[in-house]
Amino acid sequence: MNRDTDHDVYLEGTLLELVKLDVITDIAEWKRTTEEVAHHTLLFFVKVRGQLHINQNEIPIHGKALILLLPGMSVQGLNLSGNANSMIYQLEFDLFRIKENTQSRKVYDRELHFPVQGNLQTDLLLFQRKMQLLASAYGTSSVREHLRQQYLYALVELILKDQPASITTPKDADASLQLTIQYMQDAYHTDINLDKLAEIAGMHPAYYSQRFKQKMNKSPIEFLTQIRMNKAKEILLVSAPQIRDLSGRVGYRDEFYFSRRFKENSGYAPTQYANEPLSSIISLSYPYTDHLMTLGIVPSAAQFHRKSYLPTESISLTLPLHAADSWEIGRKTFLEAQPGLILCKDNVVLKAREHIGDIAPIISVPWASQDVFDHLEAIAELVGRQQLAKEWMERHAYKADQAKKQVNKKFGSPTVAICRLMNTEMRLYGARNVGHIFYRALQLSPPSLIANELNQHREGTNFNWINVTPEDMTQYESDYVIFLNATKQASAKLTQQIMTDPVWLRHPAIRQGRYFMLQWDEWMVYAPQAIQQLLERAVSLLSDSSLTSSPVNMKIIQG
């Protein structure tokens, strides 16, 4: 295929939806306050210098730069600076691909992939002109809607057309095979045959089929069939579609043929499948492993926070903590576990489908947009344990109320700042992770600026932390500060530092010795069993009989 027409092919049958466009001129104040982006996000920097951390990878910004982030990626600006003419365009959009087109209706599926990402190479001057046109048409007027759509397509076409060939062209046979796997994951609902896949891989069909089977231990068509079956199972587990609609959604025109293939694959008719118990479950996220265990389900394989939590009948999976990290575990481990369901966060679902999408249905439960109670309810509904989830939440509410009364009696109702120190940055936390214990369960108050941020979101969702510096801490005054460090050694070092550093001593709580040092890895898990254990530890910490109401004599506790 001619690379100059690739962008036309990719955008064929798509719908672009403009979510938001911000033009930021206060460069120093530009910050990402969420861990992950929710939409395709274009960041265009004009006359800006500094660095970006994208999924922990550093990208220098010198003057002009164009960055594309995909849903699930994280970004943070470091040391960004500019002048009176500097600006950042932040454009967020969603991409939908048509999956059904009849005289009576058109149905689109949201697509999270994109052929390019990261630091893009294009005609930045031309891109800036097109972005300015979009910005001029952006607003509430419906009269300009067609212009906004036109300019958005023009921007997307430009970045697709002008990328170097090396960005989209595989360098070896394995990369070519991976390209076809990604294509099948994205386009499983369309007509796909061996010749089409071989063309994408740039190989003869017979050679392509041979190489594919060597790599995946099944033919390309067998792989595609399994993807379609797993996708059908995913849909059936979360909804109750008509079989005619379901077959079309996963690429089969004949619903009776689809039903036969589905029963051959799963042992059940599509109408029965959702009512049958799941044979085994794999969890790719240790918080969701905790949720399953809370509901009385021991996963056949899972990511565990600590080895001591590992049941004897489970396989411990060594998986990356972040979506951008490399996936080193092999397919054999998943095949041996013979899962009926794979459970994961939404930020790793694309990587999971890439590696093991043919092995079992993969259900992702949204992470940042839901709180721990939402997670538990969603997973309970998926596995048919709704009553157990309800009982746990009732017990937790009772225990949290008793804990709050106990702490309030001994400790009062002070404001507390929760600060995590890392190698290159500091974060102040909201009401997730460790913040859930102190702010939601014990109902201690955060600093006023954190409270203002929390009030902009549904409780426990979306807002997780903000970046701060020691100099910023005077803006986040509190009666006490909880420091979370990587190790006890780090806590000891910090204790020595803050009691002699004039910057830290500006904060009244530090100056008066009102702070605690805790270890991050012991307080980080945001899930039911972990929360219950940490709530007990927090009560013990704050109601220690050795604590006194005198701020000068406040004991510093290593937890």
# chains A, B, ... in the order shown; residues from 1 in each chain; ligands from 1
>>> closest_atom_pairs(of="region 180-232 of chain A", to="region 266-281 of chain A", cutoff="12 Å", atoms="only C-alpha atoms", output="CSV")
residue,atom,partner,partner_atom,distance
A:Gln226,CA,A:Ser266,CA,10.4
A:Met229,CA,A:Ser266,CA,8.4
A:Asn230,CA,A:Ser266,CA,9.4
A:Ala232,CA,A:Pro270,CA,8.4
>>> write_last_selection(atoms="N, CA and C atoms", output="JSON list (two decimals), in the first residue's frame")
[["chain", "number", "residue", "atom", "x", "y", "z"],
["A", 226, "GLN", "N", -10.99, -16.86, 17.48],
["A", 226, "GLN", "CA", -10.97, -16.82, 18.93],
["A", 226, "GLN", "C", -11.17, -15.41, 19.46],
["A", 229, "MET", "N", -14.88, -14.78, 19.19],
["A", 229, "MET", "CA", -15.62, -15.49, 20.22],
["A", 229, "MET", "C", -15.45, -14.82, 21.58],
["A", 230, "ASN", "N", -14.23, -14.43, 21.89],
["A", 230, "ASN", "CA", -13.98, -13.78, 23.18],
["A", 230, "ASN", "C", -14.68, -12.43, 23.27],
["A", 232, "ALA", "N", -17.46, -11.71, 21.76],
["A", 232, "ALA", "CA", -18.87, -12.03, 21.98],
["A", 232, "ALA", "C", -19.13, -12.36, 23.44]]
>>> residues_around(residues="region 393-398 of chain A", least_positions_apart="2", cutoff="12 Å", atoms="only C-alpha atoms", output="ChimeraX atom specification")
/A:291,294-295,372-377,380,386-391,400-405,437,440-443,527-533,535-536
>>> residues_around(residues="Leu21 (chain A)", least_positions_apart="3", cutoff="8 Å", atoms="only C-alpha atoms", output="list in words")
Leu18, Tyr89, Gln90, Leu91, Glu92, Ala135 and Tyr138 of chain A
>>> residues_around(residues="region 204-220 of chain A", least_positions_apart="5", cutoff="7 Å", atoms="only C-alpha atoms", output="list in words")
Leu177, Leu194, Asp195 and Ala198 of chain A
>>> atom_distance(atom1="CA of Ser478 (chain A)", atom2="CA of Leu534 (chain A)")
21.8 Å
>>> select_by_dssp(residues="region 390-486 of chain A", states="strand (DSSP E or B)", output="PyMOL selection string")
chain A and resi 415-421+426-429+445+465-468+480-485
>>> atom_distance(atom1="CA of Val503 (chain A)", atom2="CA of Gly412 (chain A)")
27.8 Å
>>> residues_around(residues="Asn347 (chain A)", least_positions_apart="6", cutoff="10 Å", atoms="only C-alpha atoms", output="count of residues only")
15
>>> atom_distance(atom1="CA of Asp109 (chain A)", atom2="CA of Tyr257 (chain A)")
23.5 Å
>>> closest_residue(among="A:Val539, A:Phe334, A:Leu78, A:Ile221", to="Gln406 (chain A)", atoms="only C-alpha atoms")
A:Val539
>>> residues_around(residues="Ser448 (chain A)", least_positions_apart="2", cutoff="10 Å", atoms="only C-alpha atoms", output="list of chain:residue names")
A:Thr415, A:Ala417, A:Ser445, A:Pro446, A:Ile450, A:Ala451, A:Asn452, A:Glu453, A:Leu454, A:Gln475, A:Tyr476, A:Glu477, A:Ser478
>>> write_last_selection(atoms="N, CA, C and O atoms", output="PDB file, in the first residue's frame")
ATOM      1  N   THR A 415      -6.855  19.099  60.313  1.00  0.00           N
ATOM      2  CA  THR A 415      -6.584  18.973  58.877  1.00  0.00           C
ATOM      3  C   THR A 415      -5.283  18.193  58.703  1.00  0.00           C
ATOM      4  O   THR A 415      -4.344  18.326  59.498  1.00  0.00           O
ATOM      5  N   ALA A 417      -2.454  16.797  55.625  1.00  0.00           N
ATOM      6  CA  ALA A 417      -1.935  16.741  54.250  1.00  0.00           C
ATOM      7  C   ALA A 417      -1.209  15.413  54.066  1.00  0.00           C
ATOM      8  O   ALA A 417      -0.448  14.992  54.944  1.00  0.00           O
ATOM      9  N   SER A 445      -9.922  16.244  57.625  1.00  0.00           N
ATOM     10  CA  SER A 445     -10.037  17.259  56.569  1.00  0.00           C
ATOM     11  C   SER A 445      -8.715  17.453  55.847  1.00  0.00           C
ATOM     12  O   SER A 445      -7.656  17.508  56.484  1.00  0.00           O
ATOM     13  N   PRO A 446      -8.743  17.591  54.507  1.00  0.00           N
ATOM     14  CA  PRO A 446      -7.529  17.923  53.753  1.00  0.00           C
ATOM     15  C   PRO A 446      -7.274  19.418  53.792  1.00  0.00           C
ATOM     16  O   PRO A 446      -8.147  20.196  54.211  1.00  0.00           O
ATOM     17  N   ILE A 450      -6.724  21.333  48.494  1.00  0.00           N
ATOM     18  CA  ILE A 450      -7.042  19.953  48.117  1.00  0.00           C
ATOM     19  C   ILE A 450      -8.546  19.728  48.218  1.00  0.00           C
ATOM     20  O   ILE A 450      -9.156  19.089  47.348  1.00  0.00           O
ATOM     21  N   ALA A 451      -9.163  20.276  49.259  1.00  0.00           N
ATOM     22  CA  ALA A 451     -10.621  20.156  49.412  1.00  0.00           C
ATOM     23  C   ALA A 451     -11.343  20.782  48.229  1.00  0.00           C
ATOM     24  O   ALA A 451     -12.336  20.227  47.726  1.00  0.00           O
ATOM     25  N   ASN A 452     -10.866  21.931  47.760  1.00  0.00           N
ATOM     26  CA  ASN A 452     -11.483  22.583  46.601  1.00  0.00           C
ATOM     27  C   ASN A 452     -11.402  21.689  45.372  1.00  0.00           C
ATOM     28  O   ASN A 452     -12.357  21.601  44.583  1.00  0.00           O
ATOM     29  N   GLU A 453     -10.263  21.031  45.188  1.00  0.00           N
ATOM     30  CA  GLU A 453     -10.093  20.128  44.036  1.00  0.00           C
ATOM     31  C   GLU A 453     -11.013  18.916  44.179  1.00  0.00           C
ATOM     32  O   GLU A 453     -11.644  18.483  43.206  1.00  0.00           O
ATOM     33  N   LEU A 454     -11.105  18.364  45.379  1.00  0.00           N
ATOM     34  CA  LEU A 454     -11.964  17.205  45.607  1.00  0.00           C
ATOM     35  C   LEU A 454     -13.424  17.534  45.338  1.00  0.00           C
ATOM     36  O   LEU A 454     -14.178  16.688  44.832  1.00  0.00           O
ATOM     37  N   GLN A 475       1.171  26.825  50.874  1.00  0.00           N
ATOM     38  CA  GLN A 475      -0.183  27.032  50.359  1.00  0.00           C
ATOM     39  C   GLN A 475      -1.122  25.915  50.800  1.00  0.00           C
ATOM     40  O   GLN A 475      -2.338  26.012  50.624  1.00  0.00           O
ATOM     41  N   TYR A 476      -0.554  24.829  51.310  1.00  0.00           N
ATOM     42  CA  TYR A 476      -1.345  23.667  51.718  1.00  0.00           C
ATOM     43  C   TYR A 476      -1.165  23.425  53.219  1.00  0.00           C
ATOM     44  O   TYR A 476      -0.833  22.330  53.656  1.00  0.00           O
ATOM     45  N   GLU A 477      -1.373  24.496  53.992  1.00  0.00           N
ATOM     46  CA  GLU A 477      -1.186  24.385  55.427  1.00  0.00           C
ATOM     47  C   GLU A 477      -2.169  23.385  56.024  1.00  0.00           C
ATOM     48  O   GLU A 477      -3.324  23.284  55.599  1.00  0.00           O
ATOM     49  N   SER A 478      -1.700  22.648  57.018  1.00  0.00           N
ATOM     50  CA  SER A 478      -2.523  21.650  57.690  1.00  0.00           C
ATOM     51  C   SER A 478      -1.989  21.479  59.101  1.00  0.00           C
ATOM     52  O   SER A 478      -0.857  21.853  59.407  1.00  0.00           O
TER      53      SER A 478
END
>>> closest_residue(among="A:Gly384, A:Pro287, A:Pro311, A:Pro60", to="Met524 (chain A)", atoms="only C-alpha atoms")
A:Pro287
